[in-house]
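Peer 1: Below is the structure I would like to discuss, written out as structure tokens.
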Amino acid sequence: MSFFELTMLTGAFLLLAFAVQLFAYTRGNLLLNKLLAFILLGRAIQDIFILLISLDIKDNILFVISIVPLIMFLVPPAIYLYIRSFVYDHSKLCRIDLIHLIPVILVIINYIPFLISPLPLKLDLINLGLRNSPLAMSKDLLLIPISIQFMIRSIILLGYLFFSWRIVINLLSNVGRKIHSVEKYYLIFFLILITIQAFSSLVTSIYIILHNQPIRLIFHNSGLMILSTALMLLFILWILRHPQVLYGNMIYREHGVQIPAEIIIPVVNPVESDPPTETKILLSDNQVAIYVKRLNNFMEAKKPFVNPELNIQLLSNNLNIPLHHCSYLLNQIINKSFRDYLNGYRVSYFIKLYNQNPARYTIEALAQEVGFRNRSTFNIVFKKEIGLTPSEYFNL
């Protein structure tokens with residue numbers, strides 16, 4: 001196996017592994033993590049396709065080439081949706097986002113005759129299309145030549161990148177919404193990497209069409225492919241060094257006020273404070289009722305407050321409520337800080353367990369079991385909630 005093939009195999013394996021991990025990740029902004037996982041998965045499948053072409057494994061090429069067009073046309077909107085959701089802190093997509101599936105539907109229609117054709121004919125057409133004429137696969141079974149599909153895909157990708165760059169540039173130029181330096185470098189690095197790949201793919205596609213070269217030429221520049229794969233792996237390494245980008249909510253909102261770090265990454269001793277609440281949040285009465293019911297059911301059923309590492313970011317993720325809505329709900333609707341809200345549940349749960357079997361627990365052990373870090377903090381909170389120290393309360 002050559003150095004090029006080994007590099008592509010290693011890159012594809014690492015991209016697949018990281019994509020699978022992101023799909024299974026249950027913390028942070030789940031929408032962002034799944035979109036990023038899909039983007040990396042698309043790149044991994046492309047690397048596998050290139051590797052199979054290099055090794056001339058036709059049977060496996062047949063399987064991969066059946067899904068490559070779908071992935072190629074799904075990745076561009078995924079990139080745009082990822083950037084948009086990252087910047088605006090979206091946790092769900094809208095119905096109107098289904099419009100991004102139109103190119104994919106057209107690709108499926110274009111490939112239906114190829115997919116239902118006999119296996120020997122498929123292999124012959126793949127061999128002709130990759131090695132000889134770029135129009136070979138379209139003469140009988142494709143409406144649009146595969147080389148033109150590569151060019152159309154590159155143009156679509158550049159269009160989505162244009163709108164993605166516009167979102168990021170508007171964010172960087174907005175004085176009222178300053179962003180964390182980690183987020184800024186992350187977005188810029190990510191878009192530069194994708195933009196370089198898009199331009200190189202477009203230039204190669206145009207060259208193939210103008211000079212009637214085989215499709216294989218797209219993947220012939222092994223140096224460019226190795227560099228591109230290396231940059232993707234460097235991108236993953238950067239994420240592993242700065243995992244907070246997987247949590248989102250890194251924008252300094254409200255005139256440059258920074259969201260505290262403890263709501264982005266769980267820490268051993270979190271600061272006992274809430275993130276700033278956006279002052280212009282408008283929630284309908286029905287939305288507030290849904291949020292309150294969801295919050296109460298979660299606290300009663302799951303008892304997350306017994307975890308001393310619980311913070312508002314994790315609570316928001318588990319409730320599937322945007323962070324700023326969660327903060328607004330606690331501070332403006334329930335009229336409690338996040339820490340006071342948790343401590344109220346902890347004290348109530350402490351009293352309930354202690355009354356069930358007072359001989360079973362010591363006060364200190366039970367306090368730690370319901371989520372307090374130490375006895376002194378528990379005593380302070382208990383007196384604040386009940387008006388008496390624990391000893392005075394249970395003596396009564």
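Ordered as shown in the structure tokens, chains take letters A, B, and onward, while each chain numbers its residues from 1 and ligands are numbered from 1 in the order shown.
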Do a neighbour search on Tyr341 (chain A) at 10 Å with only C-alpha atoms, toss out local chain neighbours closer than 6 positions, and write the hits as a PyMOL selection string.
Peer 2: chain A and resi 305+330-331+334-335
Peer 1: In Å, rounded to a single decimal, give me how far CA of Ala198 (chain A) is from CA of Met8 (chain A).
Peer 2: 18.5 Å
Peer 1: Between A:Asn170, A:Ser205, A:Thr26, A:Asn395, single out the one closest to Val87 (chain A), counting only C-alpha atoms.
Peer 2: A:Asn170
Peer 1: Have a look at CA of Ile169 (chain A) and CA of Leu224 (chain A) and let me know their distance in Å, one decimal.
Peer 2: 27.9 Å
Peer 1: Work out how far CA of His90 (chain A) is from CA of Gln287 (chain A), in Å to one decimal.
Peer 2: 16.6 Å
Peer 1: Region 379-392 of chain A: which residues within 7 Å, counting only C-alpha atoms, same-chain residues fewer than 6 positions away excluded, as a VMD selection string?
Peer 2: chain A and resid 343 to 344 347
Peer 1: May I ask which of the residues A:Leu106, A:Met72, A:Leu9, A:Leu231 is the closest one to Ile48 (chain A), counting only C-alpha atoms?
Peer 2: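 Using only C-alpha atoms, the shortest distance to Ile48 (chain A) belongs to A:Leu9.
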Peer 1: Point out the residue among A:Val182, A:Ile196, A:Leu342, A:Leu310 with the least atom-to-atom distance to Leu246 (chain A), counting only C-alpha atoms.
Peer 2: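 Residue with the minimum atom-to-atom distance to Leu246 (chain A): A:Val182.
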Peer 1: Give me, as a ChimeraX atom specification, all polymer residues having an atom no more than 10 Å from Asn320 (chain A), counting only C-alpha atoms and skipping those fewer than 4 positions away in the same chain.
Peer 2: /A:29-30,91-92,291,294,314-316,326
Peer 1: Of the candidates A:Ile67, A:Trp165, A:Pro358, A:Leu157, which one gets nearest to Leu115 (chain A) if we count only C-alpha atoms?
Peer 2: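 Of the candidates, the smallest distance to Leu115 (chain A) is held by A:Ile67.
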Peer 1: Counting only C-alpha atoms, what is within 9 Å of Gly42 (chain A), bar same-chain residues fewer than 3 positions away, as a CSV table (one decimal) with C-alpha atoms, in the first residue's frame?
Peer 2:
chain,number,residue,atom,x,y,z
A,37,ALA,CA,-20.8,14.5,12.5
A,38,PHE,CA,-22.6,14.3,9.2
A,39,ILE,CA,-20.1,16.7,7.6
A,45,ILE,CA,-17.0,8.4,2.6
A,46,GLN,CA,-15.4,10.6,0.0
A,47,ASP,CA,-11.9,9.4,1.2
A,68,VAL,CA,-21.6,9.3,-2.8
A,71,ILE,CA,-23.7,12.6,0.5
A,72,MET,CA,-22.1,15.1,-1.8
A,74,LEU,CA,-26.3,16.8,1.4
A,75,VAL,CA,-23.1,18.1,2.9
Peer 1: Between A:Val203, A:Leu191, A:Leu22, A:Leu323, which has the minimum distance to Pro243 (chain A) (counting only C-alpha atoms)?
Peer 2: A:Leu22
